[in-house]
file data_26.pdb (PDB, N, CA and C atoms)
MODEL        1
ATOM      1  N   MET W  20       0.841  -1.189   0.000
ATOM      2  CA  MET W  20       0.000   0.000   0.000
ATOM      3  C   MET W  20       0.884   1.250   0.000
ATOM      4  N   THR W  21       0.370   2.271  -0.599
ATOM      5  CA  THR W  21       1.107   3.522  -0.602
ATOM      6  C   THR W  21       0.810   4.306   0.659
ATOM      7  N   LEU W  22       1.618   5.304   0.903
ATOM      8  CA  LEU W  22       1.434   6.137   2.088
ATOM      9  C   LEU W  22       0.075   6.818   2.076
ATOM     10  N   TRP W  23      -0.352   7.301   0.904
ATOM     11  CA  TRP W  23      -1.634   7.999   0.833
ATOM     12  C   TRP W  23      -2.803   7.064   1.111
ATOM     13  N   THR W  24      -2.712   5.829   0.693
ATOM     14  CA  THR W  24      -3.769   4.861   0.980
ATOM     15  C   THR W  24      -3.884   4.633   2.477
ATOM     16  N   VAL W  25      -2.755   4.499   3.126
ATOM     17  CA  VAL W  25      -2.751   4.291   4.577
ATOM     18  C   VAL W  25      -3.300   5.528   5.289
ATOM     19  N   LEU W  26      -2.901   6.720   4.849
ATOM     20  CA  LEU W  26      -3.391   7.950   5.478
ATOM     21  C   LEU W  26      -4.904   8.106   5.325
ATOM     22  N   VAL W  27      -5.410   7.846   4.130
ATOM     23  CA  VAL W  27      -6.850   7.968   3.901
ATOM     24  C   VAL W  27      -7.610   6.919   4.702
ATOM     25  N   ALA W  28      -7.103   5.701   4.741
ATOM     26  CA  ALA W  28      -7.765   4.645   5.509
ATOM     27  C   ALA W  28      -7.768   4.977   7.003
ATOM     28  N   THR W  29      -6.672   5.500   7.511
ATOM     29  CA  THR W  29      -6.603   5.884   8.921
ATOM     30  C   THR W  29      -7.562   7.020   9.226
ATOM     31  N   ALA W  30      -7.606   8.018   8.353
ATOM     32  CA  ALA W  30      -8.528   9.138   8.552
ATOM     33  C   ALA W  30      -9.982   8.661   8.536
ATOM     34  N   ALA W  31     -10.312   7.779   7.593
ATOM     35  CA  ALA W  31     -11.676   7.248   7.534
ATOM     36  C   ALA W  31     -11.999   6.444   8.789
ATOM     37  N   GLY W  32     -11.053   5.644   9.247
ATOM     38  CA  GLY W  32     -11.272   4.874  10.472
ATOM     39  C   GLY W  32     -11.493   5.761  11.680
ATOM     40  N   CYS W  33     -10.710   6.828  11.796
ATOM     41  CA  CYS W  33     -10.886   7.760  12.917
ATOM     42  C   CYS W  33     -12.249   8.444  12.850
ATOM     43  N   TYR W  34     -12.659   8.838  11.644
ATOM     44  CA  TYR W  34     -13.956   9.478  11.485
ATOM     45  C   TYR W  34     -15.071   8.523  11.870
ATOM     46  N   LEU W  35     -15.003   7.284  11.389
ATOM     47  CA  LEU W  35     -16.041   6.305  11.708
ATOM     48  C   LEU W  35     -16.076   5.987  13.197
ATOM     49  N   LEU W  36     -14.912   5.935  13.835
ATOM     50  CA  LEU W  36     -14.875   5.696  15.278
ATOM     51  C   LEU W  36     -15.517   6.849  16.035
ATOM     52  N   LYS W  37     -15.233   8.072  15.612
ATOM     53  CA  LYS W  37     -15.850   9.241  16.245
ATOM     54  C   LYS W  37     -17.353   9.232  16.011
ATOM     55  N   TYR W  38     -17.789   8.900  14.798
ATOM     56  CA  TYR W  38     -19.211   8.832  14.496
ATOM     57  C   TYR W  38     -19.897   7.754  15.339
ATOM     58  N   ALA W  39     -19.234   6.621  15.506
ATOM     59  CA  ALA W  39     -19.815   5.543  16.323
ATOM     60  C   ALA W  39     -20.015   6.012  17.752
ATOM     61  N   GLY W  40     -19.074   6.818  18.261
ATOM     62  CA  GLY W  40     -19.237   7.353  19.610
ATOM     63  C   GLY W  40     -20.392   8.322  19.708
ATOM     64  N   LEU W  41     -20.591   9.126  18.665
ATOM     65  CA  LEU W  41     -21.711  10.072  18.662
ATOM     66  C   LEU W  41     -23.049   9.370  18.465
ATOM     67  N   ALA W  42     -23.036   8.242  17.775
ATOM     68  CA  ALA W  42     -24.268   7.523  17.484
ATOM     69  C   ALA W  42     -24.618   6.506  18.568
ATOM     70  N   ALA W  43     -23.772   6.355  19.564
ATOM     71  CA  ALA W  43     -24.024   5.367  20.622
ATOM     72  C   ALA W  43     -25.244   5.785  21.448
ATOM     73  N   PRO W  44     -26.057   4.818  21.852
ATOM     74  CA  PRO W  44     -27.225   5.150  22.671
ATOM     75  C   PRO W  44     -26.816   5.681  24.046
ATOM     76  N   ARG W  45     -27.645   6.515  24.615
ATOM     77  CA  ARG W  45     -27.354   7.175  25.887
ATOM     78  C   ARG W  45     -27.160   6.162  27.024
ATOM     79  N   ARG W  46     -27.932   5.097  27.034
ATOM     80  CA  ARG W  46     -27.799   4.110  28.123
ATOM     81  C   ARG W  46     -26.429   3.441  28.097
ATOM     82  N   LEU W  47     -25.848   3.294  26.916
ATOM     83  CA  LEU W  47     -24.506   2.730  26.817
ATOM     84  C   LEU W  47     -23.473   3.714  27.369
ATOM     85  N   LEU W  48     -23.637   4.986  27.059
ATOM     86  CA  LEU W  48     -22.683   5.995  27.516
ATOM     87  C   LEU W  48     -22.776   6.253  29.017
ATOM     88  N   ASP W  49     -23.917   5.953  29.612
ATOM     89  CA  ASP W  49     -24.092   6.164  31.054
ATOM     90  C   ASP W  49     -23.585   4.993  31.887
ATOM     91  N   ASN W  50     -23.107   3.949  31.264
ATOM     92  CA  ASN W  50     -22.584   2.782  31.965
ATOM     93  C   ASN W  50     -21.322   3.186  32.734
ATOM     94  N   PRO W  51     -21.278   2.964  34.066
ATOM     95  CA  PRO W  51     -20.108   3.373  34.855
ATOM     96  C   PRO W  51     -18.817   2.675  34.424
ATOM     97  N   TRP W  52     -18.903   1.407  34.017
ATOM     98  CA  TRP W  52     -17.705   0.692  33.567
ATOM     99  C   TRP W  52     -17.136   1.354  32.329
ATOM    100  N   LEU W  53     -17.991   1.736  31.399
ATOM    101  CA  LEU W  53     -17.541   2.376  30.169
ATOM    102  C   LEU W  53     -16.924   3.742  30.451
ATOM    103  N   ARG W  54     -17.478   4.449  31.400
ATOM    104  CA  ARG W  54     -16.902   5.753  31.778
ATOM    105  C   ARG W  54     -15.503   5.584  32.371
ATOM    106  N   ARG W  55     -15.328   4.608  33.254
ATOM    107  CA  ARG W  55     -14.003   4.348  33.826
ATOM    108  C   ARG W  55     -13.013   3.930  32.741
ATOM    109  N   PHE W  56     -13.481   3.095  31.815
ATOM    110  CA  PHE W  56     -12.638   2.651  30.715
ATOM    111  C   PHE W  56     -12.222   3.832  29.840
ATOM    112  N   ALA W  57     -13.161   4.694  29.516
ATOM    113  CA  ALA W  57     -12.869   5.848  28.666
ATOM    114  C   ALA W  57     -11.931   6.827  29.358
ATOM    115  N   THR W  58     -11.933   6.855  30.672
ATOM    116  CA  THR W  58     -11.009   7.708  31.419
ATOM    117  C   THR W  58      -9.622   7.081  31.494
ATOM    118  N   ALA W  59      -9.557   5.759  31.631
ATOM    119  CA  ALA W  59      -8.280   5.086  31.840
ATOM    120  C   ALA W  59      -7.484   4.874  30.553
ATOM    121  N   VAL W  60      -8.143   4.677  29.429
ATOM    122  CA  VAL W  60      -7.437   4.359  28.186
ATOM    123  C   VAL W  60      -6.487   5.478  27.751
ATOM    124  N   PRO W  61      -6.909   6.745  27.713
ATOM    125  CA  PRO W  61      -5.946   7.779  27.308
ATOM    126  C   PRO W  61      -4.739   7.871  28.244
ATOM    127  N   LEU W  62      -4.944   7.661  29.533
ATOM    128  CA  LEU W  62      -3.826   7.689  30.480
ATOM    129  C   LEU W  62      -2.854   6.540  30.218
ATOM    130  N   ALA W  63      -3.397   5.366  29.940
ATOM    131  CA  ALA W  63      -2.538   4.222  29.658
ATOM    132  C   ALA W  63      -1.766   4.419  28.357
ATOM    133  N   LEU W  64      -2.417   4.969  27.341
ATOM    134  CA  LEU W  64      -1.725   5.227  26.077
ATOM    135  C   LEU W  64      -0.634   6.266  26.243
ATOM    136  N   LEU W  65      -0.907   7.310  27.007
ATOM    137  CA  LEU W  65       0.103   8.334  27.244
ATOM    138  C   LEU W  65       1.296   7.760  28.002
ATOM    139  N   ALA W  66       1.040   6.943  29.010
ATOM    140  CA  ALA W  66       2.129   6.312  29.758
ATOM    141  C   ALA W  66       2.958   5.402  28.852
ATOM    142  N   ALA W  67       2.307   4.673  27.964
ATOM    143  CA  ALA W  67       3.034   3.801  27.041
ATOM    144  C   ALA W  67       3.891   4.615  26.074
ATOM    145  N   LEU W  68       3.357   5.713  25.575
ATOM    146  CA  LEU W  68       4.128   6.564  24.670
ATOM    147  C   LEU W  68       5.338   7.170  25.372
ATOM    148  N   ILE W  69       5.165   7.579  26.614
ATOM    149  CA  ILE W  69       6.279   8.138  27.374
ATOM    150  C   ILE W  69       7.354   7.075  27.592
ATOM    151  N   ALA W  70       6.942   5.867  27.930
ATOM    152  CA  ALA W  70       7.910   4.794  28.161
ATOM    153  C   ALA W  70       8.671   4.456  26.881
ATOM    154  N   VAL W  71       7.972   4.413  25.763
ATOM    155  CA  VAL W  71       8.625   4.090  24.494
ATOM    156  C   VAL W  71       9.621   5.174  24.114
ATOM    157  N   GLU W  72       9.267   6.431  24.327
ATOM    158  CA  GLU W  72      10.153   7.533  23.959
ATOM    159  C   GLU W  72      11.318   7.694  24.944
ATOM    160  N   ALA W  73      11.098   7.420  26.211
ATOM    161  CA  ALA W  73      12.138   7.635  27.218
ATOM    162  C   ALA W  73      13.185   6.524  27.208
ATOM    163  N   LEU W  74      12.766   5.313  26.922
ATOM    164  CA  LEU W  74      13.692   4.181  26.912
ATOM    165  C   LEU W  74      13.861   3.723  25.475
ATOM    166  N   ARG W  75      15.053   3.842  24.952
ATOM    167  CA  ARG W  75      15.278   3.435  23.571
ATOM    168  C   ARG W  75      15.898   2.042  23.548
ATOM    169  N   GLY W  76      15.650   1.350  22.482
ATOM    170  CA  GLY W  76      16.181   0.005  22.357
ATOM    171  C   GLY W  76      17.501  -0.018  21.623
ATOM    172  N   GLU W  77      18.410  -0.823  22.115
ATOM    173  CA  GLU W  77      19.680  -1.070  21.439
ATOM    174  C   GLU W  77      19.810  -2.578  21.303
ATOM    175  N   GLY W  78      19.481  -3.068  20.131
ATOM    176  CA  GLY W  78      19.476  -4.512  19.927
ATOM    177  C   GLY W  78      18.316  -5.127  20.694
ATOM    178  N   GLN W  79      18.631  -6.054  21.578
ATOM    179  CA  GLN W  79      17.601  -6.714  22.376
ATOM    180  C   GLN W  79      17.476  -6.125  23.777
ATOM    181  N   ALA W  80      18.235  -5.072  24.067
ATOM    182  CA  ALA W  80      18.220  -4.497  25.414
ATOM    183  C   ALA W  80      17.668  -3.076  25.384
ATOM    184  N   LEU W  81      17.223  -2.617  26.522
ATOM    185  CA  LEU W  81      16.773  -1.237  26.665
ATOM    186  C   LEU W  81      17.933  -0.379  27.139
ATOM    187  N   ALA W  82      18.014   0.819  26.590
ATOM    188  CA  ALA W  82      19.065   1.748  26.998
ATOM    189  C   ALA W  82      18.425   2.944  27.680
ATOM    190  N   TRP W  83      19.037   3.396  28.732
ATOM    191  CA  TRP W  83      18.555   4.519  29.525
ATOM    192  C   TRP W  83      18.998   5.812  28.852
ATOM    193  N   ASP W  84      18.068   6.643  28.446
ATOM    194  CA  ASP W  84      18.383   7.941  27.856
ATOM    195  C   ASP W  84      18.299   8.975  28.977
ATOM    196  N   THR W  85      19.445   9.342  29.527
ATOM    197  CA  THR W  85      19.499  10.197  30.709
ATOM    198  C   THR W  85      18.871  11.556  30.464
ATOM    199  N   ALA W  86      19.094  12.138  29.295
ATOM    200  CA  ALA W  86      18.534  13.455  29.009
ATOM    201  C   ALA W  86      17.005  13.400  28.959
ATOM    202  N   ARG W  87      16.472  12.387  28.317
ATOM    203  CA  ARG W  87      15.006  12.263  28.261
ATOM    204  C   ARG W  87      14.419  11.975  29.629
ATOM    205  N   MET W  88      15.106  11.140  30.408
ATOM    206  CA  MET W  88      14.599  10.852  31.745
ATOM    207  C   MET W  88      14.661  12.090  32.634
ATOM    208  N   GLY W  89      15.681  12.919  32.439
ATOM    209  CA  GLY W  89      15.744  14.187  33.169
ATOM    210  C   GLY W  89      14.588  15.091  32.795
ATOM    211  N   GLY W  90      14.264  15.152  31.510
ATOM    212  CA  GLY W  90      13.104  15.926  31.069
ATOM    213  C   GLY W  90      11.816  15.372  31.631
ATOM    214  N   LEU W  91      11.698  14.061  31.682
ATOM    215  CA  LEU W  91      10.518  13.428  32.273
ATOM    216  C   LEU W  91      10.421  13.764  33.757
ATOM    217  N   GLY W  92      11.564  13.749  34.448
ATOM    218  CA  GLY W  92      11.566  14.122  35.861
ATOM    219  C   GLY W  92      11.146  15.567  36.071
ATOM    220  N   ALA W  93      11.616  16.460  35.198
ATOM    221  CA  ALA W  93      11.218  17.860  35.293
ATOM    222  C   ALA W  93       9.722  18.021  35.059
ATOM    223  N   ALA W  94       9.180  17.252  34.115
ATOM    224  CA  ALA W  94       7.739  17.304  33.857
ATOM    225  C   ALA W  94       6.944  16.801  35.055
ATOM    226  N   VAL W  95       7.402  15.718  35.658
ATOM    227  CA  VAL W  95       6.711  15.187  36.839
ATOM    228  C   VAL W  95       6.762  16.191  37.977
ATOM    229  N   LEU W  96       7.925  16.809  38.186
ATOM    230  CA  LEU W  96       8.050  17.821  39.240
ATOM    231  C   LEU W  96       7.111  18.998  38.979
ATOM    232  N   ALA W  97       7.038  19.444  37.736
ATOM    233  CA  ALA W  97       6.131  20.548  37.406
ATOM    234  C   ALA W  97       4.673  20.148  37.633
ATOM    235  N   LEU W  98       4.342  18.898  37.323
ATOM    236  CA  LEU W  98       2.969  18.435  37.561
ATOM    237  C   LEU W  98       2.660  18.350  39.051
ATOM    238  N   VAL W  99       3.627  17.906  39.838
ATOM    239  CA  VAL W  99       3.426  17.842  41.289
ATOM    240  C   VAL W  99       3.213  19.245  41.863
ATOM    241  N   LEU W 100       3.917  20.213  41.294
ATOM    242  CA  LEU W 100       3.764  21.600  41.733
ATOM    243  C   LEU W 100       2.536  22.275  41.115
ATOM    244  N   ARG W 101       1.746  21.507  40.377
ATOM    245  CA  ARG W 101       0.510  21.963  39.749
ATOM    246  C   ARG W 101       0.730  23.115  38.773
ATOM    247  N   ALA W 102       1.786  23.003  37.997
ATOM    248  CA  ALA W 102       2.077  24.015  36.981
ATOM    249  C   ALA W 102       1.118  23.835  35.803
ATOM    250  N   PRO W 103       0.847  24.904  35.059
ATOM    251  CA  PRO W 103       0.022  24.775  33.856
ATOM    252  C   PRO W 103       0.694  23.853  32.836
ATOM    253  N   PHE W 104      -0.106  23.276  31.952
ATOM    254  CA  PHE W 104       0.390  22.282  31.007
ATOM    255  C   PHE W 104       1.517  22.834  30.142
ATOM    256  N   LEU W 105       1.386  24.066  29.686
ATOM    257  CA  LEU W 105       2.425  24.651  28.846
ATOM    258  C   LEU W 105       3.749  24.757  29.609
ATOM    259  N   VAL W 106       3.688  25.073  30.882
ATOM    260  CA  VAL W 106       4.896  25.155  31.707
ATOM    261  C   VAL W 106       5.521  23.763  31.855
ATOM    262  N   VAL W 107       4.692  22.751  31.980
ATOM    263  CA  VAL W 107       5.190  21.372  32.087
ATOM    264  C   VAL W 107       5.959  20.995  30.821
ATOM    265  N   ILE W 108       5.395  21.305  29.672
ATOM    266  CA  ILE W 108       6.039  20.972  28.401
ATOM    267  C   ILE W 108       7.352  21.735  28.244
ATOM    268  N   VAL W 109       7.323  23.028  28.552
ATOM    269  CA  VAL W 109       8.532  23.850  28.413
ATOM    270  C   VAL W 109       9.611  23.384  29.384
ATOM    271  N   ALA W 110       9.239  23.043  30.608
ATOM    272  CA  ALA W 110      10.213  22.569  31.588
ATOM    273  C   ALA W 110      10.863  21.266  31.130
ATOM    274  N   ALA W 111      10.060  20.354  30.600
ATOM    275  CA  ALA W 111      10.602  19.078  30.123
ATOM    276  C   ALA W 111      11.531  19.294  28.932
ATOM    277  N   ALA W 112      11.110  20.118  27.988
ATOM    278  CA  ALA W 112      11.930  20.364  26.798
ATOM    279  C   ALA W 112      13.219  21.086  27.155
ATOM    280  N   ALA W 113      13.130  22.091  28.021
ATOM    281  CA  ALA W 113      14.320  22.849  28.403
ATOM    282  C   ALA W 113      15.309  21.974  29.173
ATOM    283  N   THR W 114      14.797  21.142  30.052
ATOM    284  CA  THR W 114      15.677  20.255  30.817
ATOM    285  C   THR W 114      16.371  19.254  29.893
ATOM    286  N   THR W 115      15.616  18.657  28.991
ATOM    287  CA  THR W 115      16.208  17.705  28.050
ATOM    288  C   THR W 115      17.254  18.383  27.177
ATOM    289  N   ALA W 116      16.922  19.569  26.662
ATOM    290  CA  ALA W 116      17.877  20.303  25.812
ATOM    291  C   ALA W 116      19.114  20.703  26.599
ATOM    292  N   GLY W 117      18.933  21.139  27.835
ATOM    293  CA  GLY W 117      20.067  21.525  28.662
ATOM    294  C   GLY W 117      20.993  20.355  28.949
ATOM    295  N   LEU W 118      20.404  19.207  29.261
ATOM    296  CA  LEU W 118      21.215  18.013  29.524
ATOM    297  C   LEU W 118      21.953  17.563  28.263
ATOM    298  N   ARG W 119      21.303  17.646  27.118
ATOM    299  CA  ARG W 119      21.974  17.292  25.866
ATOM    300  C   ARG W 119      23.119  18.265  25.570
ATOM    301  N   ALA W 120      22.904  19.569  25.858
ATOM    302  CA  ALA W 120      23.956  20.572  25.628
ATOM    303  C   ALA W 120      25.161  20.319  26.530
ATOM    304  N   LEU W 121      24.910  19.778  27.718
ATOM    305  CA  LEU W 121      26.001  19.456  28.639
ATOM    306  C   LEU W 121      26.689  18.137  28.280
ATOM    307  N   GLY W 122      26.147  17.448  27.292
ATOM    308  CA  GLY W 122      26.757  16.195  26.862
ATOM    309  C   GLY W 122      26.249  14.976  27.588
ATOM    310  N   VAL W 123      25.203  15.146  28.368
ATOM    311  CA  VAL W 123      24.603  14.003  29.063
ATOM    312  C   VAL W 123      23.705  13.303  28.059
ATOM    313  N   GLY W 124      23.897  12.017  27.876
ATOM    314  CA  GLY W 124      23.263  11.351  26.778
ATOM    315  C   GLY W 124      22.071  10.578  27.041
TER     316      GLY W 124
ENDMDL
END

call {"tool": "encode", "arguments": {"input": "data_26.pdb", "output": "C-alpha coordinates"}}
result
Amino acid sequence: MTLWTVLVATAAGCYLLKYAGLAAPRRLLDNPWLRRFATAVPLALLAALIAVEALRGEGQALAWDTARMGGLGAAVLALVLRAPFLVVIVAAAATTAGLRALGVG
(Lines of atoms letter the chains of each structure in order from A and count residues from 1; the text may use other names and numbers.)
(Lines give C-alpha, C1' and ligand atoms only; values in the text may rest on other atoms or scores of the structure.)
Protein backbone atom coordinates (compact mmCIF):
# COMPACT_ATOMS: atom_id res chain seq x y z
CA MET A 1 0.00 0.00 0.00
CA THR A 2 1.11 3.52 -0.60
CA LEU A 3 1.43 6.14 2.09
CA TRP A 4 -1.63 8.00 0.83
CA THR A 5 -3.77 4.86 0.98
CA VAL A 6 -2.75 4.29 4.58
CA LEU A 7 -3.39 7.95 5.48
CA VAL A 8 -6.85 7.97 3.90
CA ALA A 9 -7.77 4.65 5.51
CA THR A 10 -6.60 5.88 8.92
CA ALA A 11 -8.53 9.14 8.55
CA ALA A 12 -11.68 7.25 7.53
CA GLY A 13 -11.27 4.87 10.47
CA CYS A 14 -10.89 7.76 12.92
CA TYR A 15 -13.96 9.48 11.48
CA LEU A 16 -16.04 6.30 11.71
CA LEU A 17 -14.88 5.70 15.28
CA LYS A 18 -15.85 9.24 16.24
CA TYR A 19 -19.21 8.83 14.50
CA ALA A 20 -19.81 5.54 16.32
CA GLY A 21 -19.24 7.35 19.61
CA LEU A 22 -21.71 10.07 18.66
CA ALA A 23 -24.27 7.52 17.48
CA ALA A 24 -24.02 5.37 20.62
CA PRO A 25 -27.22 5.15 22.67
CA ARG A 26 -27.35 7.18 25.89
CA ARG A 27 -27.80 4.11 28.12
CA LEU A 28 -24.51 2.73 26.82
CA LEU A 29 -22.68 5.99 27.52
CA ASP A 30 -24.09 6.16 31.05
CA ASN A 31 -22.58 2.78 31.96
CA PRO A 32 -20.11 3.37 34.86
CA TRP A 33 -17.71 0.69 33.57
CA LEU A 34 -17.54 2.38 30.17
CA ARG A 35 -16.90 5.75 31.78
CA ARG A 36 -14.00 4.35 33.83
CA PHE A 37 -12.64 2.65 30.72
CA ALA A 38 -12.87 5.85 28.67
CA THR A 39 -11.01 7.71 31.42
CA ALA A 40 -8.28 5.09 31.84
CA VAL A 41 -7.44 4.36 28.19
CA PRO A 42 -5.95 7.78 27.31
CA LEU A 43 -3.83 7.69 30.48
CA ALA A 44 -2.54 4.22 29.66
CA LEU A 45 -1.72 5.23 26.08
CA LEU A 46 0.10 8.33 27.24
CA ALA A 47 2.13 6.31 29.76
CA ALA A 48 3.03 3.80 27.04
CA LEU A 49 4.13 6.56 24.67
CA ILE A 50 6.28 8.14 27.37
CA ALA A 51 7.91 4.79 28.16
CA VAL A 52 8.63 4.09 24.49
CA GLU A 53 10.15 7.53 23.96
CA ALA A 54 12.14 7.63 27.22
CA LEU A 55 13.69 4.18 26.91
CA ARG A 56 15.28 3.44 23.57
CA GLY A 57 16.18 0.00 22.36
CA GLU A 58 19.68 -1.07 21.44
CA GLY A 59 19.48 -4.51 19.93
CA GLN A 60 17.60 -6.71 22.38
CA ALA A 61 18.22 -4.50 25.41
CA LEU A 62 16.77 -1.24 26.66
CA ALA A 63 19.07 1.75 27.00
CA TRP A 64 18.56 4.52 29.52
CA ASP A 65 18.38 7.94 27.86
CA THR A 66 19.50 10.20 30.71
CA ALA A 67 18.53 13.46 29.01
CA ARG A 68 15.01 12.26 28.26
CA MET A 69 14.60 10.85 31.75
CA GLY A 70 15.74 14.19 33.17
CA GLY A 71 13.10 15.93 31.07
CA LEU A 72 10.52 13.43 32.27
CA GLY A 73 11.57 14.12 35.86
CA ALA A 74 11.22 17.86 35.29
CA ALA A 75 7.74 17.30 33.86
CA VAL A 76 6.71 15.19 36.84
CA LEU A 77 8.05 17.82 39.24
CA ALA A 78 6.13 20.55 37.41
CA LEU A 79 2.97 18.43 37.56
CA VAL A 80 3.43 17.84 41.29
CA LEU A 81 3.76 21.60 41.73
CA ARG A 82 0.51 21.96 39.75
CA ALA A 83 2.08 24.01 36.98
CA PRO A 84 0.02 24.78 33.86
CA PHE A 85 0.39 22.28 31.01
CA LEU A 86 2.43 24.65 28.85
CA VAL A 87 4.90 25.15 31.71
CA VAL A 88 5.19 21.37 32.09
CA ILE A 89 6.04 20.97 28.40
CA VAL A 90 8.53 23.85 28.41
CA ALA A 91 10.21 22.57 31.59
CA ALA A 92 10.60 19.08 30.12
CA ALA A 93 11.93 20.36 26.80
CA ALA A 94 14.32 22.85 28.40
CA THR A 95 15.68 20.25 30.82
CA THR A 96 16.21 17.70 28.05
CA ALA A 97 17.88 20.30 25.81
CA GLY A 98 20.07 21.53 28.66
CA LEU A 99 21.22 18.01 29.52
CA ARG A 100 21.97 17.29 25.87
CA ALA A 101 23.96 20.57 25.63
CA LEU A 102 26.00 19.46 28.64
CA GLY A 103 26.76 16.19 26.86
CA VAL A 104 24.60 14.00 29.06
CA GLY A 105 23.26 11.35 26.78

call {"tool": "select_by_dssp", "arguments": {"input": "data_26.pdb", "residues": "stretch 35-110 of chain W", "states": "helix (DSSP H, G or I)", "output": "JSON, numbers by chain"}}
result
{"W": [35, 36, 37, 38, 39, 40, 41, 42, 45, 46, 47, 48, 51, 52, 53, 54, 55, 56, 57, 58, 59, 60, 61, 62, 63, 64, 65, 66, 67, 68, 69, 70, 71, 72, 73, 85, 86, 87, 88, 89, 90, 91, 92, 93, 94, 95, 96, 97, 98, 99, 104, 105, 106, 107, 108, 109, 110]}

call {"tool": "resolve_selection", "arguments": {"input": "data_26.pdb", "expression": "the PyMOL selection byres ((chain W and resi 83) around 6.5)", "output": "list in words"}}
result
Ala73, Leu74, Arg75, Leu81, Ala82, Asp84, Thr85, Ala86 and Gly124 of chain W

call {"tool": "atom_distance", "arguments": {"input": "data_26.pdb", "atom1": "atom C of W:Val27", "atom2": "atom N of W:Ala39"}}
result
15.9 Å

call {"tool": "select_by_dssp", "arguments": {"input": "data_26.pdb", "residues": "chain W", "states": "strand (DSSP E)", "output": "list in words"}}
result
Leu74, Arg75, Gly76, Glu77, Ala80, Leu81, Ala82 and Trp83 of chain W

call {"tool": "axis_aligned_box", "arguments": {"input": "data_26.pdb", "around": "stretch 81-97 of chain W", "padding_each_side": "5 Å", "output": "JSON"}}
result
{"center_x": 12.1, "center_y": 9.0, "center_z": 32.9, "size_x": 24.8, "size_y": 33.2, "size_z": 22.7}

call {"tool": "closest_residue", "arguments": {"input": "data_26.pdb", "among": "W:Leu47, W:Val106, W:Gly92, W:Ala120", "to": "W:Ile69", "atoms": "only C-alpha atoms"}}
result
W:Gly92

call {"tool": "atom_distance", "arguments": {"input": "data_26.pdb", "atom1": "atom CA of W:Gly90", "atom2": "atom CA of W:Ala113"}}
result
7.5 Å

call {"tool": "residues_around", "arguments": {"input": "data_26.pdb", "residues": "stretch 52-62 of chain W", "least_positions_apart": "6", "cutoff": "12 Å", "atoms": "only C-alpha atoms", "output": "PDB file with N, CA and C atoms, keeping the file's coordinate frame"}}
result
ATOM      1  N   GLY W  40     -19.074   6.818  18.261  1.00  0.00           N
ATOM      2  CA  GLY W  40     -19.237   7.353  19.610  1.00  0.00           C
ATOM      3  C   GLY W  40     -20.392   8.322  19.708  1.00  0.00           C
ATOM      4  N   ALA W  43     -23.772   6.355  19.564  1.00  0.00           N
ATOM      5  CA  ALA W  43     -24.024   5.367  20.622  1.00  0.00           C
ATOM      6  C   ALA W  43     -25.244   5.785  21.448  1.00  0.00           C
ATOM      7  N   ARG W  45     -27.645   6.515  24.615  1.00  0.00           N
ATOM      8  CA  ARG W  45     -27.354   7.175  25.887  1.00  0.00           C
ATOM      9  C   ARG W  45     -27.160   6.162  27.024  1.00  0.00           C
ATOM     10  N   ARG W  46     -27.932   5.097  27.034  1.00  0.00           N
ATOM     11  CA  ARG W  46     -27.799   4.110  28.123  1.00  0.00           C
ATOM     12  C   ARG W  46     -26.429   3.441  28.097  1.00  0.00           C
ATOM     13  N   LEU W  68       3.357   5.713  25.575  1.00  0.00           N
ATOM     14  CA  LEU W  68       4.128   6.564  24.670  1.00  0.00           C
ATOM     15  C   LEU W  68       5.338   7.170  25.372  1.00  0.00           C
ATOM     16  N   ILE W  69       5.165   7.579  26.614  1.00  0.00           N
ATOM     17  CA  ILE W  69       6.279   8.138  27.374  1.00  0.00           C
ATOM     18  C   ILE W  69       7.354   7.075  27.592  1.00  0.00           C
TER      19      ILE W  69
END

call {"tool": "build_atoms", "arguments": {"input": "data_26.pdb", "residues": "stretch 23-40 of chain W", "atoms": "N, CA, C and O atoms", "output": "CSV table (one decimal), in the frame of the given file"}}
result
chain,number,residue,atom,x,y,z
W,23,TRP,N,-0.4,7.3,0.9
W,23,TRP,CA,-1.6,8.0,0.8
W,23,TRP,C,-2.8,7.1,1.1
W,23,TRP,O,-3.8,7.5,1.7
W,24,THR,N,-2.7,5.8,0.7
W,24,THR,CA,-3.8,4.9,1.0
W,24,THR,C,-3.9,4.6,2.5
W,24,THR,O,-5.0,4.6,3.0
W,25,VAL,N,-2.8,4.5,3.1
W,25,VAL,CA,-2.8,4.3,4.6
W,25,VAL,C,-3.3,5.5,5.3
W,25,VAL,O,-4.1,5.4,6.2
W,26,LEU,N,-2.9,6.7,4.8
W,26,LEU,CA,-3.4,8.0,5.5
W,26,LEU,C,-4.9,8.1,5.3
W,26,LEU,O,-5.6,8.5,6.3
W,27,VAL,N,-5.4,7.8,4.1
W,27,VAL,CA,-6.8,8.0,3.9
W,27,VAL,C,-7.6,6.9,4.7
W,27,VAL,O,-8.6,7.2,5.3
W,28,ALA,N,-7.1,5.7,4.7
W,28,ALA,CA,-7.8,4.6,5.5
W,28,ALA,C,-7.8,5.0,7.0
W,28,ALA,O,-8.8,4.8,7.7
W,29,THR,N,-6.7,5.5,7.5
W,29,THR,CA,-6.6,5.9,8.9
W,29,THR,C,-7.6,7.0,9.2
W,29,THR,O,-8.3,7.0,10.2
W,30,ALA,N,-7.6,8.0,8.4
W,30,ALA,CA,-8.5,9.1,8.6
W,30,ALA,C,-10.0,8.7,8.5
W,30,ALA,O,-10.8,9.1,9.4
W,31,ALA,N,-10.3,7.8,7.6
W,31,ALA,CA,-11.7,7.2,7.5
W,31,ALA,C,-12.0,6.4,8.8
W,31,ALA,O,-13.1,6.6,9.3
W,32,GLY,N,-11.1,5.6,9.2
W,32,GLY,CA,-11.3,4.9,10.5
W,32,GLY,C,-11.5,5.8,11.7
W,32,GLY,O,-12.4,5.5,12.5
W,33,CYS,N,-10.7,6.8,11.8
W,33,CYS,CA,-10.9,7.8,12.9
W,33,CYS,C,-12.2,8.4,12.8
W,33,CYS,O,-12.9,8.6,13.9
W,34,TYR,N,-12.7,8.8,11.6
W,34,TYR,CA,-14.0,9.5,11.5
W,34,TYR,C,-15.1,8.5,11.9
W,34,TYR,O,-16.0,8.9,12.6
W,35,LEU,N,-15.0,7.3,11.4
W,35,LEU,CA,-16.0,6.3,11.7
W,35,LEU,C,-16.1,6.0,13.2
W,35,LEU,O,-17.2,5.8,13.8
W,36,LEU,N,-14.9,5.9,13.8
W,36,LEU,CA,-14.9,5.7,15.3
W,36,LEU,C,-15.5,6.8,16.0
W,36,LEU,O,-16.3,6.6,17.0
W,37,LYS,N,-15.2,8.1,15.6
W,37,LYS,CA,-15.8,9.2,16.2
W,37,LYS,C,-17.4,9.2,16.0
W,37,LYS,O,-18.1,9.5,16.9
W,38,TYR,N,-17.8,8.9,14.8
W,38,TYR,CA,-19.2,8.8,14.5
W,38,TYR,C,-19.9,7.8,15.3
W,38,TYR,O,-21.0,7.9,15.8
W,39,ALA,N,-19.2,6.6,15.5
W,39,ALA,CA,-19.8,5.5,16.3
W,39,ALA,C,-20.0,6.0,17.8
W,39,ALA,O,-21.0,5.7,18.4
W,40,GLY,N,-19.1,6.8,18.3
W,40,GLY,CA,-19.2,7.4,19.6
W,40,GLY,C,-20.4,8.3,19.7
W,40,GLY,O,-21.1,8.3,20.7
